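Everything below belongs to model-v7.csv, which stores CSV, C-alpha atoms.
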chain,number,residue,atom,x,y,z
A,26,MET,CA,7.6,-6.7,14.4
A,27,THR,CA,5.9,-9.6,12.6
A,28,ALA,CA,3.7,-9.1,9.5
A,29,ALA,CA,0.7,-10.1,11.6
A,30,THR,CA,1.2,-7.3,14.1
A,31,GLU,CA,2.6,-4.7,11.7
A,32,THR,CA,0.2,-1.7,11.5
A,33,ASP,CA,-1.4,-0.7,8.3
A,34,ARG,CA,0.6,2.6,8.4
A,35,ALA,CA,3.9,0.8,8.8
A,36,LEU,CA,2.9,-1.4,5.8
A,37,VAL,CA,2.1,1.7,3.8
A,38,ASP,CA,5.6,3.1,4.7
A,39,ARG,CA,7.0,-0.1,3.3
A,40,VAL,CA,4.9,0.2,0.2
A,41,ALA,CA,6.2,3.7,-0.3
A,42,LYS,CA,9.7,2.3,-0.3
A,43,GLY,CA,8.8,-0.1,-3.1
A,44,ASP,CA,8.0,-3.2,-1.0
A,45,ARG,CA,5.5,-5.3,-3.0
A,46,ALA,CA,5.1,-7.8,-0.2
A,47,ALA,CA,3.7,-5.0,2.0
A,48,VAL,CA,1.1,-4.0,-0.6
A,49,ARG,CA,0.1,-7.7,-0.9
A,50,LEU,CA,-0.4,-7.9,2.9
A,51,LEU,CA,-2.5,-4.8,2.8
A,52,PHE,CA,-4.5,-6.3,-0.1
A,53,MET,CA,-5.1,-9.5,2.0
A,54,ARG,CA,-6.2,-7.3,5.0
A,55,HIS,CA,-8.5,-5.0,3.2
A,56,HIS,CA,-9.5,-6.3,-0.2
A,57,ALA,CA,-12.7,-8.1,0.9
A,58,ARG,CA,-14.1,-5.0,2.6
A,59,VAL,CA,-13.2,-2.8,-0.3
A,60,TYR,CA,-14.7,-5.2,-2.7
A,61,ARG,CA,-17.9,-5.5,-0.8
A,62,PHE,CA,-18.1,-1.7,-0.3
A,63,VAL,CA,-17.9,-1.2,-4.1
A,64,ALA,CA,-20.2,-4.0,-4.9
A,65,ARG,CA,-22.8,-2.5,-2.5
A,66,GLN,CA,-22.4,0.9,-4.1
A,67,THR,CA,-22.5,-0.2,-7.7
A,68,GLY,CA,-24.6,-3.3,-7.5
A,69,SER,CA,-22.1,-5.0,-9.7
A,70,GLU,CA,-19.5,-7.5,-8.6
A,71,MET,CA,-17.8,-7.2,-12.0
A,72,MET,CA,-17.2,-3.5,-11.3
A,73,ALA,CA,-16.2,-4.2,-7.7
A,74,ASP,CA,-13.6,-6.6,-8.9
A,75,ASP,CA,-12.1,-4.1,-11.3
A,76,ILE,CA,-12.3,-1.2,-8.9
A,77,ALA,CA,-11.0,-3.1,-5.9
A,78,ASN,CA,-7.9,-4.0,-7.9
A,79,GLU,CA,-7.5,-0.4,-9.0
A,80,VAL,CA,-7.8,0.8,-5.4
A,81,PHE,CA,-4.7,-1.3,-4.4
A,82,LEU,CA,-2.8,-0.2,-7.5
A,83,GLU,CA,-3.6,3.3,-6.4
A,84,LEU,CA,-2.3,2.5,-3.0
A,85,TRP,CA,1.0,1.4,-4.6
A,86,ARG,CA,1.1,4.7,-6.6
A,87,GLN,CA,0.1,7.0,-3.8
A,88,ALA,CA,1.8,5.4,-0.8
A,89,PRO,CA,4.8,7.8,-1.0
A,90,GLY,CA,2.4,10.7,-0.5
A,91,PHE,CA,0.3,9.1,2.3
A,92,GLU,CA,0.5,11.5,5.3
A,93,GLY,CA,-1.3,9.3,7.8
A,94,ARG,CA,-4.0,11.9,8.5
A,95,SER,CA,-6.6,9.2,8.3
A,96,GLU,CA,-6.7,5.5,8.9
A,97,VAL,CA,-5.5,3.4,6.0
A,98,SER,CA,-8.9,1.7,5.8
A,99,THR,CA,-10.6,5.0,5.5
A,100,TRP,CA,-8.2,6.1,2.9
A,101,LEU,CA,-8.8,3.0,0.8
A,102,LEU,CA,-12.6,3.3,1.1
A,103,GLY,CA,-12.3,7.0,0.0
A,104,ILE,CA,-10.3,5.9,-3.1
A,105,ALA,CA,-12.8,3.2,-3.7
A,106,ARG,CA,-15.7,5.6,-3.4
A,107,PHE,CA,-14.1,8.0,-5.8
A,108,LYS,CA,-13.4,5.3,-8.4
A,109,ALA,CA,-16.8,3.8,-8.1
A,110,LEU,CA,-18.5,7.2,-8.6
A,111,SER,CA,-16.2,8.0,-11.6
A,112,LEU,CA,-16.9,4.7,-13.2
A,113,LEU,CA,-20.7,5.1,-12.7
A,114,ARG,CA,-20.6,8.6,-14.1
A,115,LYS,CA,-18.7,7.3,-17.1
A,116,LYS,CA,-21.3,4.7,-17.6
A,117,LYS,CA,-24.0,7.4,-17.3
A,118,GLU,CA,-25.9,5.4,-14.8
A,119,ASP,CA,-28.5,7.3,-12.9
A,120,TRP,CA,-28.1,8.0,-9.3
A,121,ILE,CA,-31.0,7.8,-7.0
A,122,ASP,CA,-31.8,11.4,-5.9
A,123,ASP,CA,-33.2,12.6,-2.7
A,124,GLU,CA,-36.8,12.3,-3.8
A,125,ALA,CA,-36.3,8.7,-5.0
A,126,ALA,CA,-34.4,8.1,-1.8
A,127,ALA,CA,-37.6,9.0,0.2
A,128,ALA,CA,-39.5,6.1,-1.3
A,129,VAL,CA,-40.0,3.0,0.8
A,130,PRO,CA,-38.6,-0.1,-0.9
A,131,ASP,CA,-41.1,-1.3,-3.5
A,132,SER,CA,-42.3,-4.9,-3.5
A,133,ALA,CA,-44.8,-6.8,-5.5
A,134,ASP,CA,-46.1,-8.3,-2.2
A,135,THR,CA,-48.0,-6.4,0.4
A,136,PRO,CA,-46.2,-6.0,3.7
A,137,GLU,CA,-48.4,-8.7,5.2
A,138,VAL,CA,-47.5,-11.2,2.5
A,139,VAL,CA,-43.8,-10.4,2.9
A,140,THR,CA,-44.1,-10.9,6.6
A,141,MET,CA,-45.5,-14.3,6.2
A,142,LYS,CA,-42.6,-15.2,4.0
A,143,GLU,CA,-39.8,-14.1,6.2
A,144,ASP,CA,-38.8,-13.4,9.7
A,145,LYS,CA,-37.9,-10.0,11.0
A,146,ALA,CA,-34.1,-10.4,10.5
A,147,ALA,CA,-34.6,-11.4,6.9
A,148,ALA,CA,-37.0,-8.5,6.4
A,149,LEU,CA,-34.5,-6.1,8.0
A,150,ARG,CA,-31.7,-7.3,5.7
A,151,ARG,CA,-33.9,-6.9,2.7
A,152,PHE,CA,-34.8,-3.4,3.7
A,153,ILE,CA,-31.2,-2.5,4.3
A,154,ASP,CA,-30.3,-3.7,0.8
A,155,ALA,CA,-33.2,-1.7,-0.7
A,156,LEU,CA,-32.2,1.5,1.0
A,157,PRO,CA,-31.2,4.3,-1.4
A,158,GLU,CA,-27.5,4.2,-2.1
A,159,GLU,CA,-26.6,7.3,0.0
A,160,HIS,CA,-28.4,5.9,3.0
A,161,ARG,CA,-27.2,2.4,2.6
A,162,THR,CA,-23.6,3.5,2.3
A,163,VAL,CA,-23.6,5.3,5.7
A,164,ILE,CA,-25.3,2.2,7.2
A,165,ASP,CA,-22.6,0.0,5.7
A,166,LEU,CA,-19.7,2.2,6.7
A,167,ALA,CA,-20.9,2.5,10.3
A,168,TYR,CA,-22.1,-1.1,10.9
A,169,TYR,CA,-19.9,-3.1,8.7
A,170,HIS,CA,-16.8,-1.0,8.2
A,171,GLY,CA,-16.8,0.4,11.8
A,172,GLN,CA,-16.2,3.9,10.6
A,173,SER,CA,-16.8,6.9,12.8
A,174,VAL,CA,-18.9,9.9,11.8
A,175,THR,CA,-15.8,11.8,10.9
A,176,GLU,CA,-14.3,9.0,8.9
A,177,ILE,CA,-17.5,8.5,6.9
A,178,GLY,CA,-17.4,12.2,6.2
A,179,GLU,CA,-13.9,11.7,4.8
A,180,VAL,CA,-14.8,8.7,2.7
A,181,LEU,CA,-17.9,10.4,1.2
A,182,GLY,CA,-16.6,13.9,1.2
A,183,ILE,CA,-19.5,15.3,3.1
A,184,PRO,CA,-19.8,17.3,6.5
A,185,VAL,CA,-20.2,15.3,9.7
A,186,ALA,CA,-23.7,16.9,10.1
A,187,THR,CA,-24.7,15.4,6.8
A,188,VAL,CA,-23.4,12.0,7.9
A,189,LYS,CA,-25.7,12.2,11.0
A,190,THR,CA,-28.6,13.4,8.9
A,191,ARG,CA,-28.2,10.5,6.4
A,192,MET,CA,-27.9,8.1,9.3
A,193,PHE,CA,-31.0,9.5,10.8
A,194,TYR,CA,-33.0,9.1,7.6
A,195,ALA,CA,-31.6,5.7,6.9
A,196,ARG,CA,-32.6,4.4,10.2
A,197,LYS,CA,-36.0,6.2,10.0
A,198,LYS,CA,-36.7,4.5,6.7
A,199,LEU,CA,-35.8,1.1,8.1
A,200,GLY,CA,-38.1,1.7,11.0
A,201,GLU,CA,-40.9,2.7,8.7
A,202,ALA,CA,-40.4,-0.3,6.4
A,203,LEU,CA,-40.4,-2.6,9.4
A,204,LYS,CA,-43.5,-1.0,10.8
A,205,ALA,CA,-45.2,-1.4,7.4
A,206,ALA,CA,-44.2,-5.1,7.5
A,207,GLY,CA,-45.8,-5.5,10.9
A,208,TYR,CA,-42.7,-5.0,13.1
A,209,ASP,CA,-43.2,-1.8,15.1
A,210,ARG,CA,-40.1,-0.9,17.0
A,211,GLY,CA,-41.3,2.2,18.5
A,212,TRP,CA,-39.3,4.7,16.5
A,213,PRO,CA,-39.9,6.8,14.4
B,6,MET,CA,-31.7,25.6,10.8
B,7,SER,CA,-30.4,22.5,9.2
B,8,ALA,CA,-32.1,19.1,9.3
B,9,ALA,CA,-29.5,17.9,11.8
B,10,GLU,CA,-30.3,20.8,14.1
B,11,LYS,CA,-34.0,20.1,13.9
B,12,MET,CA,-33.7,16.6,15.2
B,13,SER,CA,-35.3,15.9,18.5
B,14,ARG,CA,-33.1,14.4,21.3
B,15,ARG,CA,-34.5,11.0,20.5
B,16,ASP,CA,-33.8,11.4,16.8
B,17,GLU,CA,-30.2,12.5,17.6
B,18,MET,CA,-29.6,9.6,19.9
B,19,GLU,CA,-31.0,7.2,17.3
B,20,ALA,CA,-28.6,8.7,14.7
B,21,LEU,CA,-25.7,8.2,17.1
B,22,LEU,CA,-26.5,4.6,18.1
B,23,PRO,CA,-24.7,2.9,15.2
B,24,PHE,CA,-21.6,4.8,16.2
B,25,TYR,CA,-22.1,3.8,19.8
B,26,LEU,CA,-22.3,0.2,18.7
B,27,ASN,CA,-19.2,0.3,16.5
B,28,GLY,CA,-17.2,1.9,19.3
B,29,SER,CA,-16.3,5.1,17.5
B,30,LEU,CA,-18.3,7.5,19.6
B,31,GLU,CA,-16.4,9.6,22.1
B,32,GLY,CA,-16.5,12.8,24.1
B,33,ALA,CA,-19.8,14.6,24.7
B,34,GLU,CA,-21.7,12.4,22.2
B,35,LEU,CA,-20.7,9.2,23.9
B,36,GLU,CA,-21.7,10.7,27.3
B,37,ALA,CA,-25.1,11.8,25.9
B,38,VAL,CA,-25.8,8.3,24.5
B,39,GLU,CA,-24.8,6.6,27.7
B,40,GLU,CA,-26.9,8.9,29.7
B,41,TRP,CA,-29.9,8.3,27.4
B,42,LEU,CA,-29.4,4.6,27.7
B,43,ALA,CA,-29.3,4.8,31.5
B,44,SER,CA,-32.3,7.1,31.8
B,45,ASP,CA,-34.8,6.3,29.1
B,46,PRO,CA,-36.6,2.9,29.1
B,47,ALA,CA,-37.1,3.1,25.4
B,48,ALA,CA,-33.4,3.5,24.9
B,49,MET,CA,-32.5,-0.2,25.5
B,50,ALA,CA,-35.1,-1.3,23.0
B,51,ALA,CA,-33.7,1.1,20.5
B,52,LEU,CA,-30.2,-0.3,21.1
B,53,GLY,CA,-31.6,-3.8,20.5
B,54,GLU,CA,-33.0,-2.6,17.1
B,55,ALA,CA,-29.6,-1.1,16.2
B,56,GLU,CA,-28.0,-4.4,17.1
B,57,ALA,CA,-30.3,-6.1,14.7
B,58,GLU,CA,-29.4,-3.6,12.0
B,59,PHE,CA,-25.8,-4.3,12.8
B,60,SER,CA,-26.3,-8.0,12.3
B,61,GLY,CA,-28.3,-7.5,9.1
B,62,THR,CA,-25.8,-5.2,7.6
B,63,SER,CA,-22.9,-7.6,8.4
B,64,ALA,CA,-24.8,-10.5,6.9
B,65,ALA,CA,-25.6,-8.5,3.8
B,66,ASN,CA,-22.0,-7.6,3.3
B,67,GLU,CA,-20.6,-11.0,4.2
B,68,ALA,CA,-22.9,-12.6,1.6
B,69,ILE,CA,-20.8,-10.9,-1.1
B,70,ARG,CA,-17.8,-13.2,-1.8
B,71,PRO,CA,-14.8,-11.7,-3.5
B,72,PRO,CA,-13.2,-14.0,-6.1
B,73,ALA,CA,-10.8,-16.5,-4.8
B,74,ASP,CA,-8.1,-15.6,-7.3
B,75,ALA,CA,-8.3,-11.9,-6.6
B,76,LEU,CA,-4.8,-11.8,-5.0
B,77,SER,CA,-3.0,-13.6,-7.8
B,78,ARG,CA,-4.6,-11.4,-10.4
B,79,PHE,CA,-3.7,-8.3,-8.4
B,80,ALA,CA,-0.1,-9.5,-8.0
B,81,LYS,CA,0.1,-9.8,-11.8
B,82,ALA,CA,-1.4,-6.4,-12.3
B,83,LEU,CA,1.1,-5.0,-9.7
B,84,ASP,CA,4.0,-6.5,-11.5
B,85,ALA,CA,2.8,-5.0,-14.8
B,86,GLU,CA,2.3,-1.7,-13.1
B,87,ALA,CA,5.4,-1.6,-11.1
B,88,GLY,CA,8.0,-3.0,-13.5
B,89,PRO,CA,11.4,-3.2,-11.9
B,90,ALA,CA,11.5,-3.0,-8.2
B,91,ARG,CA,11.1,0.6,-6.9
B,92,MET,CA,14.2,1.9,-5.3
B,93,PRO,CA,13.9,3.3,-1.8
B,94,THR,CA,13.0,6.9,-1.5
B,95,GLY,CA,14.9,9.5,0.5
B,96,SER,CA,18.3,8.4,-0.8
B,97,SER,CA,19.6,7.0,-4.0
B,98,TRP,CA,19.8,3.3,-4.6
B,99,LEU,CA,23.5,3.6,-4.9
B,100,ALA,CA,23.6,5.2,-1.4
B,101,GLN,CA,21.5,2.4,-0.1
B,102,ALA,CA,23.6,-0.2,-1.7
B,103,TRP,CA,26.7,1.5,-0.4
B,104,GLY,CA,25.2,1.5,3.1
B,105,ARG,CA,24.6,-2.2,2.9
B,106,PHE,CA,28.0,-2.7,1.4
B,107,MET,CA,29.8,-0.9,4.2
B,108,ALA,CA,27.9,-2.8,6.8
B,109,VAL,CA,29.8,-6.0,6.0
B,110,PRO,CA,33.4,-6.7,6.9
B,111,VAL,CA,35.9,-4.8,4.8
B,112,GLY,CA,37.4,-8.0,3.4
B,113,VAL,CA,34.1,-9.4,2.3
B,114,ALA,CA,33.0,-6.1,1.0
B,115,TRP,CA,36.0,-5.7,-1.2
B,116,ALA,CA,35.7,-9.3,-2.4
B,117,ALA,CA,32.2,-8.4,-3.5
B,118,ALA,CA,33.5,-5.3,-5.1
B,119,ALA,CA,36.1,-7.2,-7.0
B,120,VAL,CA,33.5,-9.6,-8.3
B,121,LEU,CA,31.3,-6.7,-9.2
B,122,LEU,CA,34.0,-4.8,-11.0
B,123,ALA,CA,35.1,-7.9,-12.8
B,124,LEU,CA,31.6,-8.4,-14.0
B,125,ILE,CA,31.3,-4.9,-15.2
B,126,VAL,CA,34.5,-5.1,-17.1
B,127,VAL,CA,33.6,-8.5,-18.6
B,128,GLN,CA,30.2,-7.1,-19.6
B,129,SER,CA,31.8,-4.1,-21.3
B,130,LEU,CA,34.2,-6.4,-23.2
B,131,VAL,CA,31.6,-8.7,-24.5
B,132,GLN,CA,29.6,-5.9,-26.1
B,133,PRO,CA,30.0,-5.7,-29.9
B,134,GLY,CA,33.1,-3.7,-30.6
B,135,GLY,CA,33.7,-3.3,-26.9
B,136,LYS,CA,37.1,-2.0,-26.1
B,137,GLY,CA,38.7,-0.7,-22.9
B,138,LYS,CA,39.3,3.0,-23.0
B,139,ASP,CA,43.0,2.7,-22.6
B,140,PHE,CA,43.7,-0.9,-23.5
B,141,GLU,CA,42.2,-3.9,-25.1
B,142,ILE,CA,41.9,-7.3,-23.5
B,143,ALA,CA,41.6,-10.5,-25.4
B,144,GLY,CA,39.6,-11.9,-22.6
B,145,ALA,CA,41.4,-15.3,-22.3
B,146,GLU,CA,42.5,-16.2,-18.8
B,147,ASP,CA,46.0,-16.8,-20.1
B,148,ASP,CA,46.1,-13.3,-21.4
B,149,LEU,CA,44.9,-12.0,-18.0
B,150,ALA,CA,47.5,-14.1,-16.2
B,151,LYS,CA,50.3,-12.6,-18.3
B,152,MET,CA,49.2,-9.0,-17.7
B,153,PRO,CA,51.3,-6.7,-15.6
B,154,PHE,CA,49.8,-6.2,-12.2
B,155,ALA,CA,50.3,-4.6,-8.8
B,156,LEU,CA,49.1,-5.6,-5.3
B,157,VAL,CA,47.1,-3.0,-3.6
B,158,LYS,CA,45.3,-2.7,-0.2
B,159,PHE,CA,42.5,-0.2,0.2
B,160,LYS,CA,41.9,1.8,3.3
B,161,PRO,CA,39.0,0.5,5.4
B,162,ASP,CA,37.1,3.8,4.9
B,163,ALA,CA,37.6,3.9,1.1
B,164,LYS,CA,34.4,4.8,-0.8
B,165,MET,CA,33.3,2.4,-3.4
B,166,SER,CA,32.3,5.3,-5.7
B,167,ASP,CA,35.8,6.9,-5.5
B,168,VAL,CA,37.5,3.6,-6.2
B,169,SER,CA,35.3,2.5,-9.1
B,170,SER,CA,35.6,6.0,-10.6
B,171,PHE,CA,39.4,6.0,-10.3
B,172,LEU,CA,39.8,2.4,-11.7
B,173,GLY,CA,37.4,3.0,-14.5
B,174,GLY,CA,38.9,6.3,-15.4
B,175,ASN,CA,42.4,4.9,-15.7
B,176,GLY,CA,41.6,1.6,-17.3
B,177,LEU,CA,42.5,-0.4,-14.2
B,178,ARG,CA,40.7,-3.4,-12.8
B,179,ILE,CA,40.8,-5.8,-10.1
B,180,ILE,CA,41.7,-9.3,-11.3
B,181,GLY,CA,42.2,-11.1,-8.0
B,182,GLY,CA,41.9,-11.0,-4.3
B,183,PRO,CA,41.4,-10.2,-1.7
B,184,THR,CA,43.8,-12.2,0.4
B,185,ALA,CA,43.2,-12.8,4.0
B,186,ASP,CA,44.7,-9.5,4.9
B,187,GLY,CA,42.8,-7.6,2.2
B,188,VAL,CA,45.3,-7.4,-0.7
B,189,PHE,CA,43.9,-7.2,-4.2
B,190,ARG,CA,45.6,-7.9,-7.5
B,191,LEU,CA,45.2,-5.0,-9.9
B,192,ALA,CA,45.8,-5.3,-13.6
B,193,ILE,CA,48.0,-2.5,-14.9
B,194,PRO,CA,47.6,-1.6,-18.6
B,195,ALA,CA,51.2,-0.6,-19.1
B,196,ALA,CA,53.2,-1.4,-22.2
B,197,ASN,CA,56.6,-0.8,-20.6
B,198,THR,CA,58.1,-0.4,-17.2
B,199,ALA,CA,58.1,3.4,-17.4
B,200,ASP,CA,54.3,3.4,-17.9
B,201,TYR,CA,54.0,0.8,-15.2
B,202,SER,CA,55.9,2.9,-12.6
B,203,LYS,CA,53.9,5.9,-13.6
B,204,GLU,CA,50.7,4.0,-13.0
B,205,LEU,CA,51.8,2.8,-9.6
B,206,GLY,CA,52.7,6.3,-8.6
B,207,LEU,CA,49.3,7.4,-9.6
B,208,ILE,CA,47.6,4.6,-7.6
B,209,ALA,CA,49.8,5.3,-4.6
B,210,ALA,CA,48.7,8.9,-4.6
B,211,GLN,CA,45.1,8.1,-4.2
B,212,PRO,CA,43.7,8.9,-0.7
B,213,PHE,CA,41.8,5.6,-0.5
B,214,ILE,CA,45.0,3.5,-1.1
B,215,GLU,CA,46.8,2.1,1.9
B,216,THR,CA,49.6,0.1,0.2
B,217,VAL,CA,50.8,-0.5,-3.3
B,218,ILE,CA,53.3,-3.3,-4.0
B,219,GLU,CA,54.9,-4.0,-7.3
B,220,GLY,CA,53.9,-7.2,-9.0
B,221,ARG,CA,54.7,-8.4,-12.5
B,222,LYS,CA,56.1,-5.7,-14.7
B,223,PRO,CA,55.8,-5.4,-18.4
B,224,ALA,CA,57.8,-7.7,-20.6
B,225,ASP,CA,60.5,-5.1,-21.5
B,226,GLY,CA,61.9,-5.8,-18.0
B,227,GLY,CA,62.7,-2.2,-17.4

File written out as structure tokens:
Amino acid sequence: MTAATETDRALVDRVAKGDRAAVRLLFMRHHARVYRFVARQTGSEMMADDIANEVFLELWRQAPGFEGRSEVSTWLLGIARFKALSLLRKKKEDWIDDEAAAAVPDSADTPEVVTMKEDKAAALRRFIDALPEEHRTVIDLAYYHGQSVTEIGEVLGIPVATVKTRMFYARKKLGEALKAAGYDRGWP
Amino acid sequence: MSAAEKMSRRDEMEALLPFYLNGSLEGAELEAVEEWLASDPAAMAALGEAEAEFSGTSAANEAIRPPADALSRFAKALDAEAGPARMPTGSSWLAQAWGRFMAVPVGVAWAAAAVLLALIVVQSLVQPGGKGKDFEIAGAEDDLAKMPFALVKFKPDAKMSDVSSFLGGNGLRIIGGPTADGVFRLAIPAANTADYSKELGLIAAQPFIETVIEGRKPADGG
């Protein structure tokens, strides 16, 4: 089996046996996504850089105990999530709570002005970026990281029903923001 | 009733659309979404909106560019973290090494063993105040060449651990070989022929020895 076709799990097995080339291969495969995931959560590329490195060092440390109950990508994102939260708590940064999460993205411009400045795709991207962290994370994990409901639950440590609820509210907020910007998509 | 349970069918389908798009939906939920897409005119428009979200999310993520030197910095951090190469789990490194050792032809394996043992002996001798347990070697090749020796052949299934333990425990070491038929020259730390004969008897009694042939005896000539 060549490195290109070797599965992530096979590479983790090699890492567990002390194979540094295997951990570098996994780094090349997953680093960008882990980095982006952390950067989106923390809003800091500096923190993303540190944490992404730490995630792969953790992979090196924990590989012998990896039981393969989840995909390697899910496992790595779970580690990244945990480390990001730990670091943010350490820095005593405030998390956006549910009430704050209900707020539509603020803008100095009225929706009409914003609409004039950008097309729908650009507006949508801006609204996605402005979603509360807990909602944006499920959007990122589903759309960008290709995670299932169950996998998102594993990464975030929440029940699958909560994943669906957060997805529902995330998409609802996007719909409302688009509607306010003059793009009515018919739901909600 | 939870918020999820309160969702209308449309709400539920909207919540599942991202997972339909990323291909992770299965079972009853997949069937429900497919049925909705096939039966509700609004569903296809909703799917188009989800696709736009998909594109927007991808673009937002792809806009974040990891540093180009991330891998090289990680490799350094890994080296600092890992230190010496980790040995395979499940069996000792010695067992692993032995497995590899036994996989090569016996003659080659024993040649490697001879080199290894010679290196170990030389290393012990160059340590400050280093002396052999039972004898002392000046280290010069001339001295080695004048030492009493025997010619030995090990059985093909001899275990490296047994051989090295026996040789080390008795002050013996391999100083040459193997020949094409697997014969090694073994230095014998004997001061006289009586000791020499005693050593050869001991060597011949070992289960991993196939043959022992007398070589040069000590200078007393017996």

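Using all atoms listed in the file, the shortest contact distance between A:Ser111 and any of A:Met72, A:Ala47, A:Ile177, A:Met53 is found at A:Met72.
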
Could I get the residues of chain A with an atom no further than 9 Å from an atom of chain B, each paired with its nearest atom pair and that distance in Å to one decimal, using all atoms listed in the file, sorted by chain and residue number, as a tab-separated table?
residue	atom	partner	partner_atom	distance
A:Ala41	CA	B:Thr94	CA	7.6
A:Lys42	CA	B:Pro93	CA	4.6
A:Gly43	CA	B:Arg91	CA	4.5
A:Asp44	CA	B:Arg91	CA	7.7
A:Arg45	CA	B:Leu83	CA	8.0
A:Arg49	CA	B:Ala80	CA	7.3
A:Phe52	CA	B:Leu76	CA	7.4
A:Met53	CA	B:Leu76	CA	7.4
A:His56	CA	B:Pro71	CA	8.3
A:Ala57	CA	B:Pro71	CA	6.1
A:Arg58	CA	B:Asn66	CA	8.3
A:Tyr60	CA	B:Pro71	CA	6.5
A:Arg61	CA	B:Ile69	CA	6.1
A:Phe62	CA	B:Asn66	CA	7.9
A:Ala64	CA	B:Ile69	CA	7.9
A:Arg65	CA	B:Asn66	CA	7.8
A:Glu70	CA	B:Pro71	CA	8.1
A:Ala73	CA	B:Pro71	CA	8.7
A:Asp74	CA	B:Pro71	CA	7.5
A:Asn78	CA	B:Phe79	CA	6.0
A:Glu79	CA	B:Phe79	CA	8.8
A:Phe81	CA	B:Phe79	CA	8.1
A:Leu82	CA	B:Leu83	CA	6.6
A:Trp85	CA	B:Leu83	CA	8.2
A:Arg86	CA	B:Ala87	CA	8.9
A:Pro89	CA	B:Thr94	CA	8.3
A:Ala146	CA	B:Gly61	CA	6.6
A:Ala147	CA	B:Gly61	CA	7.7
A:Leu149	CA	B:Gly61	CA	6.5
A:Arg150	CA	B:Gly61	CA	4.8
A:Arg151	CA	B:Ala65	CA	8.5
A:Ile153	CA	B:Thr62	CA	6.9
A:Asp154	CA	B:Ala65	CA	7.4
A:Ile164	CA	B:Thr62	CA	7.4
A:Asp165	CA	B:Thr62	CA	6.4
A:Ala167	CA	B:Pro23	CA	6.2
A:Tyr168	CA	B:Phe59	CA	5.2
A:Tyr169	CA	B:Ser63	CA	5.4
A:His170	CA	B:Asn27	CA	8.7
A:Gly171	CA	B:Asn27	CA	5.3
A:Gln172	CA	B:Ser29	CA	7.0
A:Ser173	CA	B:Ser29	CA	5.1
A:Val174	CA	B:Phe24	CA	7.3
A:Ala186	CA	B:Ala9	CA	6.1
A:Thr187	CA	B:Ala9	CA	7.4
A:Lys189	CA	B:Ala20	CA	5.9
A:Thr190	CA	B:Ala9	CA	5.4
A:Arg191	CA	B:Ala20	CA	8.5
A:Met192	CA	B:Ala20	CA	5.5
A:Phe193	CA	B:Ala20	CA	4.6
A:Tyr194	CA	B:Ala20	CA	8.4
A:Ala195	CA	B:Ala20	CA	8.9
A:Arg196	CA	B:Ala20	CA	7.4
A:Lys197	CA	B:Asp16	CA	8.8
A:Leu199	CA	B:Glu58	CA	8.8
A:Arg210	CA	B:Glu54	CA	7.3
A:Gly211	CA	B:Ala51	CA	7.9
A:Trp212	CA	B:Ala51	CA	7.8
A:Pro213	CA	B:Asp16	CA	8.0

Around (51.4, -2.3, -17.2) in the file's own coordinates, what residues are found within 7 Å if you use all atoms listed in the file, given back as a PyMOL selection string? chain B and resi 153-154+193-198+200-201+222-223

Computed interatomic separation between atom CA of A:Gly200 and atom CA of A:Val188 (Å): 18.2 Å

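Nearest to A:Gln87 of all the residues A:Val37, A:Leu51, A:Leu181, A:Gln66 is A:Val37, counting all atoms listed in the file.
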
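Shortest atom-to-atom contact with A:Pro157 among A:Ala46, A:Ile76, A:Glu176, A:Gly68: A:Gly68, counting only C-alpha atoms.
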
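Relative to atom CA of A:Glu179, atom CA of B:Trp41 is found at 27.9 Å.
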
Set the distance at 10 Å and use only C-alpha atoms: which residues neighbour B:Ile208 once local chain neighbours fewer than 4 positions away are removed? I'd like the list as a ChimeraX atom specification. /B:155,157,171-172,175,177,202-204,212-217

Up to 10 Å from (-1.7, -0.6, 10.2) in the file's coordinates: name the residues, counting all atoms listed in the file, as a PyMOL selection string. chain A and resi 29-38+51+54+96-98

For atom CA of A:Val63 and atom CA of A:Ala109, quote the distance in Å rounded to one decimal. 6.5 Å

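For the choices B:Leu205, B:Gly182, B:Ala37, B:Asp45, the atom-to-atom distance to B:Arg221 is smallest for B:Leu205 when using all atoms listed in the file.
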